[in-house]
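Each remark here refers to the structure printed beneath this line.
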Amino acid sequence: MIYVRIMRSPNIIDLFCGAGGFSLGAHNAGFRVIASVDIDKKLTSSYKSNFPHANLLVADISTLEIDSLLNAADTAAVEVDGIIGGPPCQGFSTIGKRNGADPRNALLRHFFRIVAEVRPKFFLMENVPGLVAGEAKNTFDKAAADLEGYELVGPLCIDAHDLGAPTHRRRIVVLGYDPSRVESITDAEIQSLSCSEKPTVRDAIADIPEPSHLSAGPYRKLKTISNYAKRARTKPGRGLGSTSSRNRIATGQVSGIQITQHTPGVITRFREVPQGKTDKVSRCVRLKWDSAAPTLRAGTGPDKGSFQSVRPLHPVHPRVITIREAARLQGFPDWFDFHETKWHSFRMIGNSVSPIMAEILLKFIATKIKRS
């Protein structure tokens, strides 16, 4: 008799999961997300739709008891291989006030607290470049100081475009691993990760239909579509996506195309903005067809004044981009659902880790996990 050893998928916990960009990248990298946590009900409003089997905890990580997290993850039956997460970055961002007293900064410490208590084989954290600048670097150093038994890689600055996303999104990543359970990983190995395809705005959104008052519509008929768009239009994998999203993909429909109304004066002004230039009033930059998009911003939630982010202008049309166009630029597939309102959808996309960047990083880390 021949026995075949079946290798299990490594298990991961996603902290500050938001819409699920990190979770999707993990899934595509071959991981199983066994628990996800976030405090924001709006940002996680479609999480269960996109990940039907998810164990989602809507909870404050600063007060989250480890037992509650482990019970949700059912760690009595499975092992936690990794913890991933992108703690809130507003207090560190160089485009914000960089308030050292911002209470959200303390969540960095709680990320490391949970890592220290759960003791996974590795952790991967993502944040803005401002995390390693000035006083914020001291906050990071203090938060990581008590973490014992892990080799640290980084902080390293990585651009999502270098890993295959059609947007320039520079982010700091910090990787920690237990050398007894994970093979050696160096800064140089992480920095050398790249993708031969560097998709452009044209590759990402040229086939997306023009905005409509409807929530979904058919793709534009083009002579050819890019490989990037073809991948975005594929049906969700096993265990992913809602029934409605699967039906849309099967019938050649795409959601998230709701129109944003502009006044005639704004339309006239937008029409005069060249590609790559910025409207002087709204500060909206016009996307360039044959370049990557700039970083998409999130705006703020109700707790911080409900300010909308500045949205880029379409490369040729006098309007801001749609939800689906933003999702494509960030690296989300077309089956992925967001909130029913544009405002929260753009917050979800702007706050998220690019699934493409997450997938590349986690695929590499998976090759380093020692198999017992």
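To be explicit about the labels: the chains of the structure tokens are called A, B, and onward in the order shown, and within each one the residues are counted from 1, while ligands get numbers from 1 in the order they are shown.
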Closest atom pairs, residues of region 127-222 of chain A within 10 Å of region 247-262 of chain A, only C-alpha atoms, as a Markdown table:
| residue | atom | partner | partner_atom | distance |
| --- | --- | --- | --- | --- |
| A:Ile208 | CA | A:Val254 | CA | 7.9 |
| A:Pro209 | CA | A:Ile257 | CA | 7.2 |
| A:Glu210 | CA | A:Ile257 | CA | 7.1 |
| A:Pro211 | CA | A:Ile259 | CA | 4.6 |
| A:Ser212 | CA | A:Ile259 | CA | 5.1 |
| A:His213 | CA | A:Gln258 | CA | 5.5 |
| A:Leu214 | CA | A:Gln258 | CA | 6.1 |
| A:Ser215 | CA | A:Ser255 | CA | 5.5 |
| A:Ala216 | CA | A:Ser255 | CA | 4.0 |
| A:Gly217 | CA | A:Gln253 | CA | 5.1 |
| A:Pro218 | CA | A:Gln253 | CA | 4.5 |
| A:Tyr219 | CA | A:Gln253 | CA | 6.4 |
Step one, run DSSP on the backbone; step two, keep only residues of region 245-355 of chain A assigned to strand (DSSP E or B); then write them as an MDAnalysis selection string. chainID A and resid 253:255 258 278 285:286 293 313 320
Length of the CA of Ser352 (chain A) to CA of Tyr47 (chain A) vector [Å]: 12.3 Å
Taking only C-alpha atoms into account, produce a table as a tab-separated table in which each residue of region 71-171 of chain A with an atom at most 9 Å from an atom of region 23-39 of chain A appears once, together with its shortest atom pair and the distance in Å to one decimal, ordered by chain and rising number.
residue	atom	partner	partner_atom	distance
A:Ala72	CA	A:Ala35	CA	6.2
A:Ala73	CA	A:Ala35	CA	4.9
A:Asp74	CA	A:Ile34	CA	7.7
A:Thr75	CA	A:Ile34	CA	8.8
A:Val78	CA	A:Ile34	CA	8.9
A:Val80	CA	A:Ile34	CA	8.3
A:Ile84	CA	A:Ser23	CA	8.5
Closest of A:Glu151, A:Asp334, A:Glu340, A:Asp178 to Arg231 (chain A), counting only C-alpha atoms, is A:Asp334
Name the residues in contact with Ala116 (chain A) at a cut-off of 12 Å, using only C-alpha atoms, excluding same-chain residues fewer than 2 positions from it; report them as an MDAnalysis selection string. chainID A and resid 66 82:83 109:114 118:123 143:150 176:178
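Taking only C-alpha atoms, the non-local environment of Gly350 (chain A) within 7 Å (same-chain residues fewer than 3 positions away omitted) comprises Leu296, Arg297, Ala298, Phe346 and Arg347 of chain A.
For the set A:Val316, A:Met348, A:Leu222, A:Ile360, the residue with the smallest atom-to-atom gap to Ser192 (chain A) is A:Ile360, counting only C-alpha atoms.
Considering the residues A:Gly164, A:Pro333, A:Gly237, A:Gly86 and counting only C-alpha atoms, Glu197 (chain A) has its shortest atom-to-atom contact with A:Gly164.
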